[in-house]
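Here's entry-v4.cif, which has mmCIF, C-alpha atoms:
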```cif
data_work
loop_
_atom_site.group_PDB
_atom_site.id
_atom_site.type_symbol
_atom_site.label_atom_id
_atom_site.label_comp_id
_atom_site.auth_asym_id
_atom_site.auth_seq_id
_atom_site.Cartn_x
_atom_site.Cartn_y
_atom_site.Cartn_z
ATOM 1 C CA MET A 1 0.000 0.000 0.000
ATOM 2 C CA SER A 2 1.415 3.402 -0.956
ATOM 3 C CA ASP A 3 1.564 6.249 1.548
ATOM 4 C CA ILE A 4 -1.056 8.250 -0.389
ATOM 5 C CA ALA A 5 -3.453 5.268 -0.449
ATOM 6 C CA ALA A 6 -3.002 4.766 3.304
ATOM 7 C CA VAL A 7 -3.675 8.447 4.016
ATOM 8 C CA ALA A 8 -6.742 8.503 1.735
ATOM 9 C CA THR A 9 -8.126 5.336 3.362
ATOM 10 C CA GLY A 10 -7.463 6.580 6.910
ATOM 11 C CA TRP A 11 -8.966 10.022 6.422
ATOM 12 C CA GLY A 12 -11.881 8.649 4.375
ATOM 13 C CA LEU A 13 -12.763 5.970 6.919
ATOM 14 C CA THR A 14 -12.536 8.469 9.778
ATOM 15 C CA PHE A 15 -14.903 10.906 8.084
ATOM 16 C CA VAL A 16 -17.384 8.151 7.208
ATOM 17 C CA VAL A 17 -17.357 6.644 10.720
ATOM 18 C CA VAL A 18 -17.696 9.969 12.585
ATOM 19 C CA ALA A 19 -20.360 11.310 10.189
ATOM 20 C CA THR A 20 -22.344 8.045 10.393
ATOM 21 C CA TYR A 21 -22.235 8.088 14.196
ATOM 22 C CA ALA A 22 -23.263 11.777 14.319
ATOM 23 C CA LEU A 23 -26.196 11.134 11.958
ATOM 24 C CA TRP A 24 -27.230 8.086 14.006
ATOM 25 C CA VAL A 25 -27.231 10.111 17.237
ATOM 26 C CA VAL A 26 -29.249 12.970 15.719
ATOM 27 C CA GLY A 27 -31.643 10.549 14.005
ATOM 28 C CA ARG A 28 -32.206 8.573 17.199
ATOM 29 C CA GLY A 29 -32.943 11.793 19.077
ATOM 30 C CA LYS A 30 -35.524 12.762 16.463
ATOM 31 C CA THR A 31 -37.134 9.306 16.440
ATOM 32 C CA ILE A 32 -37.497 9.115 20.227
ATOM 33 C CA GLY A 33 -38.594 12.763 20.345
ATOM 34 C CA ARG A 34 -41.425 11.911 17.920
ATOM 35 C CA GLU A 35 -42.381 8.824 19.974
ATOM 36 C CA LEU A 36 -42.614 11.028 23.066
ATOM 37 C CA GLY A 37 -44.661 13.615 21.202
ATOM 38 C CA ILE A 38 -41.990 16.294 21.364
ATOM 39 C CA GLY A 39 -42.542 18.633 18.454
ATOM 40 C CA LYS A 40 -46.347 18.394 18.588
ATOM 41 C CA ARG A 41 -48.389 20.921 20.500
ATOM 42 C CA GLN A 42 -50.053 18.927 23.245
ATOM 43 C CA VAL A 43 -52.824 19.994 25.594
ATOM 44 C CA LEU A 44 -51.563 18.109 28.628
ATOM 45 C CA GLY A 45 -52.025 20.777 31.265
ATOM 46 C CA PRO A 46 -51.815 24.462 32.002
ATOM 47 C CA GLY A 47 -48.722 26.133 30.626
ATOM 48 C CA SER A 48 -47.429 23.088 28.745
ATOM 49 C CA ASP A 49 -45.739 23.891 25.454
ATOM 50 C CA SER A 50 -43.799 21.316 23.494
ATOM 51 C CA SER A 51 -43.853 22.889 20.065
ATOM 52 C CA THR A 52 -40.080 23.020 19.563
ATOM 53 C CA PRO A 53 -38.612 20.396 17.209
ATOM 54 C CA ALA A 54 -36.778 17.480 18.817
ATOM 55 C CA SER A 55 -33.547 17.940 16.991
ATOM 56 C CA SER A 56 -31.825 19.405 13.999
ATOM 57 C CA MET B 1 -49.004 11.025 35.644
ATOM 58 C CA SER B 2 -46.419 11.105 32.860
ATOM 59 C CA GLN B 3 -43.896 13.880 32.589
ATOM 60 C CA ILE B 4 -44.575 16.411 29.855
ATOM 61 C CA PRO B 5 -41.683 16.637 27.385
ATOM 62 C CA ASP B 6 -40.555 20.249 27.009
ATOM 63 C CA SER B 7 -37.725 22.220 25.461
ATOM 64 C CA LYS B 8 -35.188 21.054 28.043
ATOM 65 C CA HIS B 9 -35.531 17.521 26.647
ATOM 66 C CA MET B 10 -34.433 18.441 23.112
ATOM 67 C CA THR B 11 -31.212 17.051 21.673
ATOM 68 C CA ALA B 12 -30.377 20.276 19.816
ATOM 69 C CA THR B 13 -30.272 23.758 21.296
ATOM 70 C CA LEU B 14 -28.872 27.044 20.053
ATOM 71 C CA GLY B 15 -25.614 26.246 21.851
ATOM 72 C CA THR B 16 -25.161 22.842 20.196
ATOM 73 C CA ARG B 17 -26.136 24.256 16.797
ATOM 74 C CA ILE B 18 -23.380 26.853 17.132
ATOM 75 C CA LEU B 19 -20.948 24.185 18.388
ATOM 76 C CA GLY B 20 -21.903 21.898 15.470
ATOM 77 C CA SER B 21 -21.372 24.687 12.923
ATOM 78 C CA VAL B 22 -17.984 25.524 14.463
ATOM 79 C CA ALA B 23 -17.071 21.811 14.354
ATOM 80 C CA VAL B 24 -17.920 21.479 10.653
ATOM 81 C CA ALA B 25 -15.943 24.632 9.751
ATOM 82 C CA ALA B 26 -13.013 23.492 11.913
ATOM 83 C CA VAL B 27 -12.977 20.049 10.249
ATOM 84 C CA LEU B 28 -12.873 21.649 6.778
ATOM 85 C CA LEU B 29 -9.879 23.782 7.807
ATOM 86 C CA MET B 30 -8.228 20.778 9.478
ATOM 87 C CA THR B 31 -8.565 18.820 6.214
ATOM 88 C CA LEU B 32 -6.993 21.674 4.272
ATOM 89 C CA LEU B 33 -4.113 22.006 6.742
ATOM 90 C CA GLY B 34 -3.554 18.271 7.153
ATOM 91 C CA LEU B 35 -3.769 17.207 3.510
ATOM 92 C CA VAL B 36 -2.589 20.303 1.608
ATOM 93 C CA VAL B 37 -0.737 22.915 3.680
ATOM 94 C CA SER B 38 1.324 20.657 5.948
ATOM 95 C CA PRO B 39 4.499 19.452 4.174
ATOM 96 C CA GLU B 40 5.585 15.871 3.484
ATOM 97 C CA ASP B 41 7.983 14.296 5.944
ATOM 98 C CA LEU B 42 11.535 13.658 4.705
ATOM 99 C CA VAL B 43 11.428 10.039 5.896
ATOM 100 C CA GLN B 44 7.734 9.084 5.921
ATOM 101 C CA GLY B 45 6.512 11.113 2.926
ATOM 102 C CA HIS B 46 2.739 11.661 2.840
ATOM 103 C CA ALA B 47 2.181 8.999 5.502
ATOM 104 C CA VAL B 48 2.932 11.623 8.148
ATOM 105 C CA ARG B 49 -0.551 13.070 7.459
ATOM 106 C CA MET B 50 -1.976 10.163 9.483
ATOM 107 C CA LEU B 51 -0.463 11.907 12.513
ATOM 108 C CA TYR B 52 -3.217 14.566 12.383
ATOM 109 C CA LEU B 53 -5.922 11.925 12.910
ATOM 110 C CA HIS B 54 -4.096 9.286 14.936
ATOM 111 C CA VAL B 55 -2.767 11.476 17.778
ATOM 112 C CA PRO B 56 -5.915 13.638 18.289
ATOM 113 C CA SER B 57 -8.063 10.469 18.265
ATOM 114 C CA ILE B 58 -6.197 8.815 21.125
ATOM 115 C CA TRP B 59 -6.093 12.134 23.014
ATOM 116 C CA ILE B 60 -9.884 12.355 22.796
ATOM 117 C CA ALA B 61 -10.260 8.691 23.757
ATOM 118 C CA TYR B 62 -8.127 9.336 26.876
ATOM 119 C CA ALA B 63 -10.096 12.490 27.719
ATOM 120 C CA ALA B 64 -13.425 10.716 27.233
ATOM 121 C CA PHE B 65 -12.357 7.821 29.462
ATOM 122 C CA VAL B 66 -11.176 10.281 32.142
ATOM 123 C CA LEU B 67 -14.640 11.886 31.964
ATOM 124 C CA THR B 68 -16.256 8.447 32.212
ATOM 125 C CA ALA B 69 -14.159 7.546 35.262
ATOM 126 C CA ALA B 70 -14.779 10.888 37.022
ATOM 127 C CA SER B 71 -18.534 10.698 36.348
ATOM 128 C CA SER B 72 -18.593 7.097 37.569
ATOM 129 C CA VAL B 73 -16.911 8.077 40.851
ATOM 130 C CA LEU B 74 -19.435 10.901 41.327
ATOM 131 C CA PHE B 75 -22.281 8.514 40.524
ATOM 132 C CA LEU B 76 -21.077 6.011 43.135
ATOM 133 C CA ILE B 77 -20.674 8.756 45.757
ATOM 134 C CA ARG B 78 -23.847 10.718 45.067
ATOM 135 C CA SER B 79 -26.377 8.215 43.712
ATOM 136 C CA ARG B 80 -27.937 7.728 47.168
ATOM 137 C CA SER B 81 -28.119 11.408 48.088
ATOM 138 C CA ARG B 82 -29.378 12.990 44.845
ATOM 139 C CA ALA B 83 -33.057 13.236 43.942
ATOM 140 C CA ASP B 84 -32.455 11.819 40.442
ATOM 141 C CA GLY B 85 -30.347 8.946 41.817
ATOM 142 C CA GLY B 86 -27.226 10.467 40.244
ATOM 143 C CA ARG B 87 -28.415 9.558 36.755
ATOM 144 C CA HIS B 88 -26.899 12.734 35.331
ATOM 145 C CA HIS B 89 -23.438 11.338 36.125
ATOM 146 C CA ASP B 90 -24.401 7.927 34.740
ATOM 147 C CA ARG B 91 -25.561 9.461 31.453
ATOM 148 C CA LEU B 92 -22.388 11.530 31.176
ATOM 149 C CA ALA B 93 -20.249 8.431 31.823
ATOM 150 C CA GLY B 94 -22.122 6.439 29.164
ATOM 151 C CA SER B 95 -22.057 9.119 26.479
ATOM 152 C CA ALA B 96 -18.357 9.891 27.028
ATOM 153 C CA ALA B 97 -17.420 6.182 26.939
ATOM 154 C CA GLU B 98 -19.262 5.665 23.651
ATOM 155 C CA VAL B 99 -17.441 8.575 22.015
ATOM 156 C CA GLY B 100 -14.172 7.354 23.575
ATOM 157 C CA VAL B 101 -14.649 3.905 22.038
ATOM 158 C CA LEU B 102 -15.389 5.498 18.653
ATOM 159 C CA PHE B 103 -12.116 7.448 18.726
ATOM 160 C CA ALA B 104 -10.118 4.547 20.188
ATOM 161 C CA GLY B 105 -11.315 2.510 17.186
ATOM 162 C CA ILE B 106 -10.213 5.294 14.823
ATOM 163 C CA THR B 107 -6.822 5.343 16.587
ATOM 164 C CA LEU B 108 -6.402 1.612 15.980
ATOM 165 C CA VAL B 109 -7.422 1.747 12.308
ATOM 166 C CA THR B 110 -5.316 4.815 11.439
ATOM 167 C CA GLY B 111 -2.407 3.314 13.382
ATOM 168 C CA MET B 112 -2.641 0.053 11.439
ATOM 169 C CA LEU B 113 -2.663 1.876 8.103
ATOM 170 C CA TRP B 114 0.244 4.064 9.183
ATOM 171 C CA GLY B 115 2.126 1.002 10.457
ATOM 172 C CA ARG B 116 1.677 -0.768 7.114
ATOM 173 C CA VAL B 117 3.483 2.083 5.353
ATOM 174 C CA THR B 118 6.219 2.798 7.928
ATOM 175 C CA TRP B 119 6.789 -0.607 9.579
ATOM 176 C CA GLY B 120 5.709 -2.846 6.706
ATOM 177 C CA THR B 121 3.008 -4.542 8.767
ATOM 178 C CA TYR B 122 -0.513 -3.721 9.923
ATOM 179 C CA TRP B 123 -0.065 -5.274 13.359
ATOM 180 C CA GLN B 124 2.578 -6.230 15.910
ATOM 181 C CA TRP B 125 1.792 -7.565 19.368
ATOM 182 C CA ASP B 126 3.993 -4.974 21.042
ATOM 183 C CA ALA B 127 3.152 -3.214 24.319
ATOM 184 C CA ARG B 128 1.490 -0.061 22.930
ATOM 185 C CA LEU B 129 -0.647 -1.813 20.328
ATOM 186 C CA THR B 130 -1.676 -4.641 22.630
ATOM 187 C CA THR B 131 -2.659 -2.381 25.531
ATOM 188 C CA THR B 132 -4.578 -0.099 23.144
ATOM 189 C CA VAL B 133 -6.637 -2.949 21.707
ATOM 190 C CA LEU B 134 -7.260 -4.163 25.271
ATOM 191 C CA LEU B 135 -8.487 -0.662 26.162
ATOM 192 C CA PHE B 136 -10.859 -0.713 23.181
ATOM 193 C CA VAL B 137 -12.234 -4.148 24.076
ATOM 194 C CA THR B 138 -12.724 -3.402 27.797
ATOM 195 C CA TYR B 139 -14.698 -0.236 27.030
ATOM 196 C CA LEU B 140 -16.759 -2.176 24.484
ATOM 197 C CA GLY B 141 -17.534 -4.514 27.389
ATOM 198 C CA TYR B 142 -18.489 -1.498 29.485
ATOM 199 C CA LEU B 143 -20.937 -0.356 26.777
ATOM 200 C CA ALA B 144 -22.369 -3.886 26.558
ATOM 201 C CA LEU B 145 -22.854 -3.929 30.355
ATOM 202 C CA ARG B 146 -24.807 -0.667 30.130
ATOM 203 C CA ARG B 147 -27.259 -2.335 27.748
ATOM 204 C CA LEU B 148 -28.118 -5.236 30.044
ATOM 205 C CA PRO B 149 -31.681 -4.904 31.345
ATOM 206 C CA ALA B 150 -31.724 -3.965 35.044
ATOM 207 C CA ASP B 151 -32.932 -1.293 37.436
ATOM 208 C CA PRO B 152 -31.271 1.969 36.258
ATOM 209 C CA ILE B 153 -29.531 2.607 39.587
ATOM 210 C CA VAL B 154 -28.259 -0.996 39.882
ATOM 211 C CA ARG B 155 -27.098 -0.932 36.265
ATOM 212 C CA GLY B 156 -25.445 2.440 36.885
ATOM 213 C CA ARG B 157 -23.494 1.070 39.865
ATOM 214 C CA ARG B 158 -22.325 -2.025 37.971
ATOM 215 C CA SER B 159 -21.280 0.134 35.016
ATOM 216 C CA ALA B 160 -19.468 2.626 37.256
ATOM 217 C CA VAL B 161 -17.393 -0.162 38.819
ATOM 218 C CA MET B 162 -16.615 -1.556 35.350
ATOM 219 C CA ALA B 163 -15.611 1.950 34.173
ATOM 220 C CA LEU B 164 -13.146 2.298 37.048
ATOM 221 C CA ILE B 165 -11.634 -1.144 36.375
ATOM 222 C CA SER B 166 -11.293 -0.307 32.664
ATOM 223 C CA PHE B 167 -9.681 3.046 33.457
ATOM 224 C CA VAL B 168 -6.653 1.355 35.066
ATOM 225 C CA ASN B 169 -5.444 0.591 31.539
ATOM 226 C CA VAL B 170 -5.421 4.247 30.356
ATOM 227 C CA PRO B 171 -2.095 5.265 31.998
ATOM 228 C CA ILE B 172 -0.634 1.859 31.043
ATOM 229 C CA VAL B 173 -1.432 2.559 27.366
ATOM 230 C CA HIS B 174 0.039 6.053 27.564
ATOM 231 C CA PHE B 175 3.266 5.139 29.337
ATOM 232 C CA SER B 176 3.758 1.771 27.627
ATOM 233 C CA VAL B 177 6.214 3.341 25.157
ATOM 234 C CA ASP B 178 8.341 4.549 28.098
ATOM 235 C CA TRP B 179 8.021 1.434 30.251
ATOM 236 C CA TRP B 180 8.740 -1.171 27.561
ATOM 237 C CA ARG B 181 10.785 -1.351 24.363
ATOM 238 C CA THR B 182 8.186 -1.087 21.618
ATOM 239 C CA LEU B 183 8.002 -0.688 17.876
ATOM 240 C CA HIS B 184 5.779 2.349 18.445
ATOM 241 C CA GLN B 185 7.513 5.733 18.657
ATOM 242 C CA LYS B 186 7.390 7.838 21.816
ATOM 243 C CA ALA B 187 4.782 10.599 22.244
ATOM 244 C CA SER B 188 4.990 13.357 19.603
ATOM 245 C CA LEU B 189 3.733 15.927 22.127
ATOM 246 C CA SER B 190 4.356 15.613 25.829
ATOM 247 C CA VAL B 191 4.244 18.010 28.771
ATOM 248 C CA GLY B 192 7.752 18.898 29.956
ATOM 249 C CA ARG B 193 9.467 17.419 26.887
ATOM 250 C CA ARG B 194 10.526 19.121 23.648
ATOM 251 C CA PRO B 195 8.082 18.195 20.858
ATOM 252 C CA GLU B 196 9.324 15.648 18.300
ATOM 253 C CA ILE B 197 7.942 17.804 15.484
ATOM 254 C CA THR B 198 8.149 21.517 14.684
ATOM 255 C CA GLY B 199 6.839 24.197 12.319
ATOM 256 C CA GLU B 200 3.727 23.608 10.219
ATOM 257 C CA MET B 201 3.469 19.975 11.338
ATOM 258 C CA TYR B 202 3.461 21.035 15.001
ATOM 259 C CA TRP B 203 0.773 23.697 14.550
ATOM 260 C CA THR B 204 -1.356 21.462 12.325
ATOM 261 C CA LEU B 205 -1.223 18.743 14.987
ATOM 262 C CA LEU B 206 -2.249 21.204 17.720
ATOM 263 C CA TYR B 207 -5.073 22.560 15.553
ATOM 264 C CA SER B 208 -6.265 19.028 14.678
ATOM 265 C CA THR B 209 -6.339 18.139 18.365
ATOM 266 C CA LEU B 210 -8.467 21.209 19.102
ATOM 267 C CA THR B 211 -10.821 20.383 16.199
ATOM 268 C CA VAL B 212 -11.318 16.776 17.248
ATOM 269 C CA THR B 213 -12.010 18.006 20.803
ATOM 270 C CA VAL B 214 -14.796 20.280 19.491
ATOM 271 C CA VAL B 215 -16.287 17.440 17.398
ATOM 272 C CA ALA B 216 -16.172 15.011 20.345
ATOM 273 C CA SER B 217 -17.755 17.595 22.675
ATOM 274 C CA TRP B 218 -20.656 18.019 20.264
ATOM 275 C CA LEU B 219 -21.088 14.237 20.017
ATOM 276 C CA ILE B 220 -21.003 13.764 23.813
ATOM 277 C CA VAL B 221 -23.600 16.509 24.429
ATOM 278 C CA HIS B 222 -25.981 15.051 21.830
ATOM 279 C CA ARG B 223 -25.474 11.470 22.997
ATOM 280 C CA TYR B 224 -26.121 12.559 26.602
ATOM 281 C CA ARG B 225 -29.425 14.114 25.533
ATOM 282 C CA VAL B 226 -30.418 11.035 23.540
ATOM 283 C CA ILE B 227 -29.765 8.821 26.596
ATOM 284 C CA ARG B 228 -32.055 11.149 28.595
ATOM 285 C CA LEU B 229 -34.752 10.795 25.909
ATOM 286 C CA GLU B 230 -34.358 6.989 26.008
ATOM 287 C CA GLU B 231 -34.877 7.070 29.783
ATOM 288 C CA LEU B 232 -37.979 9.277 29.383
ATOM 289 C CA ARG B 233 -39.387 6.881 26.781
ATOM 290 C CA ASP B 234 -38.782 3.888 29.063
ATOM 291 C CA GLU B 235 -40.462 5.692 31.980
ATOM 292 C CA GLU B 236 -43.463 6.584 29.792
ATOM 293 C CA ALA B 237 -43.762 2.956 28.652
ATOM 294 C CA LEU B 238 -43.599 1.742 32.262
ATOM 295 C CA ASN B 239 -46.213 4.291 33.387
ATOM 296 C CA ALA B 240 -48.518 3.236 30.536
ATOM 297 C CA LEU B 241 -48.106 -0.416 31.512
ATOM 298 C CA ILE B 242 -48.891 0.284 35.174
ATOM 299 C CA ALA B 243 -51.959 2.357 34.211
ATOM 300 C CA SER B 244 -53.142 -0.456 31.944
ATOM 301 C CA ARG B 245 -52.747 -3.039 34.742
ATOM 302 C CA LEU B 246 -54.629 -0.786 37.183
ATOM 303 C CA ARG B 247 -57.497 -0.419 34.694
ATOM 304 C CA GLU B 248 -57.631 -4.204 34.240
ATOM 305 C CA ASP B 249 -57.797 -4.643 38.027
ATOM 306 C CA ASP B 250 -60.629 -2.070 38.257
ATOM 307 C CA VAL B 251 -62.609 -3.917 35.567
ATOM 308 C CA GLY B 252 -61.977 -7.255 37.316
ATOM 309 C CA ASN B 253 -63.291 -5.906 40.613
#
```
Go ahead and render the structure in this file as structure tokens.
Amino acid sequence: MSDIAAVATGWGLTFVVVATYALWVVGRGKTIGRELGIGKRQVLGPGSDSSTPASS
Amino acid sequence: MSQIPDSKHMTATLGTRILGSVAVAAVLLMTLLGLVVSPEDLVQGHAVRMLYLHVPSIWIAYAAFVLTAASSVLFLIRSRSRADGGRHHDRLAGSAAEVGVLFAGITLVTGMLWGRVTWGTYWQWDARLTTTVLLFVTYLGYLALRRLPADPIVRGRRSAVMALISFVNVPIVHFSVDWWRTLHQKASLSVGRRPEITGEMYWTLLYSTLTVTVVASWLIVHRYRVIRLEELRDEEALNALIASRLREDDVGN
């Protein structure tokens, strides 16, 4: 393996792994937020307001 | 009655959005510095560019495992006295360990690729490499232990003890190159010792370390918030189950 191929593989794999993990974390937050009803305006009691999106 | 989810339960806030934007911009600059601006090494050629991923990754893994150990100690001390059972510390320990494992894995992979070019082999069972893979595996075990079904406080205590046992290996990994004769070179940057590198390579390495720290911080904050959401979901499911059982009992009577 040449030095350029090793560098390209190392940097590429690192970006893919970190980006995939970051997307998984954000996606999981959104999914569970939806399950809990975060992001929908709910009439659950006086003063309750959950209209902010779960994640972005 | 179930707890009403509100804005404090979100995974993204203005602060994390700013941190995320800074992280993305910092990574772009790090790529430019590491792959374009920083010069080739006289001996290693382009392979030296692995330095800018390999060293910051293990630094972040160390830092994350220190955070896991400190949070685990606080959890063990305070879990009985705090109203939330010390779950804040448990969540912090879990999220930091997960990010630490991610970067320890990156350290191993980038190290293997770098070793193939400079040593002619992907792997040698020398002290540094062996202790690092042991570190990775023990923290994987810690993450597996956290997933075992149990009462949250009991699971938190078991995990905290496991985190402290696993942490014993962190200084062994770091000092292994000083304590034993290894194929691996000594630390490129070390407190109280002249750096092994200078000039653009030195500054690029420092900048890369700062960038990876920002990225890891963003990941830990988000993962912490997701763990809190998972706990809320589990509590809601349990409350719904109890309410359902109570209704069945009422109908039966």
Determine, using all atoms listed in the file, which residues of chain B have any atom at most 7 Å from an atom of chain A, and tabulate each with its shortest atom pair and distance in Å to one decimal place, rows ordered by chain and then rising number, as JSON lines.
```
{"residue": "B:Pro5", "atom": "CA", "partner": "A:Ile38", "partner_atom": "CA", "distance": 6.0}
{"residue": "B:Asp6", "atom": "CA", "partner": "A:Ser50", "partner_atom": "CA", "distance": 4.9}
{"residue": "B:Ser7", "atom": "CA", "partner": "A:Thr52", "partner_atom": "CA", "distance": 6.4}
{"residue": "B:Met10", "atom": "CA", "partner": "A:Ala54", "partner_atom": "CA", "distance": 5.0}
{"residue": "B:Thr11", "atom": "CA", "partner": "A:Ser55", "partner_atom": "CA", "distance": 5.3}
{"residue": "B:Ala12", "atom": "CA", "partner": "A:Ser55", "partner_atom": "CA", "distance": 4.8}
{"residue": "B:His46", "atom": "CA", "partner": "A:Asp3", "partner_atom": "CA", "distance": 5.7}
{"residue": "B:Ala47", "atom": "CA", "partner": "A:Asp3", "partner_atom": "CA", "distance": 4.9}
{"residue": "B:Arg49", "atom": "CA", "partner": "A:Val7", "partner_atom": "CA", "distance": 6.6}
{"residue": "B:Met50", "atom": "CA", "partner": "A:Val7", "partner_atom": "CA", "distance": 6.0}
{"residue": "B:Ile106", "atom": "CA", "partner": "A:Thr14", "partner_atom": "CA", "distance": 6.4}
{"residue": "B:Thr110", "atom": "CA", "partner": "A:Gly10", "partner_atom": "CA", "distance": 5.3}
{"residue": "B:Leu113", "atom": "CA", "partner": "A:Ala6", "partner_atom": "CA", "distance": 5.6}
{"residue": "B:Trp114", "atom": "CA", "partner": "A:Ala6", "partner_atom": "CA", "distance": 6.8}
{"residue": "B:Val117", "atom": "CA", "partner": "A:Asp3", "partner_atom": "CA", "distance": 6.0}
{"residue": "B:Leu219", "atom": "CA", "partner": "A:Ala22", "partner_atom": "CA", "distance": 6.6}
{"residue": "B:His222", "atom": "CA", "partner": "A:Val25", "partner_atom": "CA", "distance": 6.9}
{"residue": "B:Arg223", "atom": "CA", "partner": "A:Val25", "partner_atom": "CA", "distance": 6.2}
{"residue": "B:Val226", "atom": "CA", "partner": "A:Gly29", "partner_atom": "CA", "distance": 5.2}
{"residue": "B:Leu229", "atom": "CA", "partner": "A:Ile32", "partner_atom": "CA", "distance": 6.5}
{"residue": "B:Glu230", "atom": "CA", "partner": "A:Ile32", "partner_atom": "CA", "distance": 6.9}
{"residue": "B:Arg233", "atom": "CA", "partner": "A:Leu36", "partner_atom": "CA", "distance": 6.4}
```
For this file, the PyMOL selection byres ((chain B and resi 60-66) around 10) selects which residues, as a ChimeraX atom specification?
/B:55-59,67-72,92-107,135-136,139,163-164,166-167,170-171,173-174,209-210,212-217,220
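Taking atom CA of B:Gln124 as the reference point, atom CA of B:Lys186 is found at 16.0 Å.
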If I take atom CA of B:Asp234 and atom CA of B:Pro152, how far is one from the other in Å, to one decimal?
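Atom-to-atom, atom CA of B:Asp234 and atom CA of B:Pro152 are spaced 10.6 Å apart.
Here atom CA of B:Gly111 stands at a distance of 16.9 Å from atom CA of A:Val16.
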Close residues, stretch 18-30 of chain B itself excluded, 9 Å, only C-alpha atoms, min 2 positions apart in chain, as a list in words
Thr13, Leu14, Gly15, Thr16, Leu32, Leu33, Gly34, Leu35, Tyr52, Thr204, Tyr207, Ser208, Leu210, Thr211, Val212, Val214, Val215, Ser217, Trp218 and Leu219 of chain B
Return the padded bounding box of stretch 13-32 of chain A as JSON: axis-aligned, built from all atoms listed in the file, 3 Å added on each side, with centre and edge lengths in Å to one decimal.
```
{"center_x": -25.0, "center_y": 9.5, "center_z": 13.6, "size_x": 31.0, "size_y": 13.0, "size_z": 19.3}
```
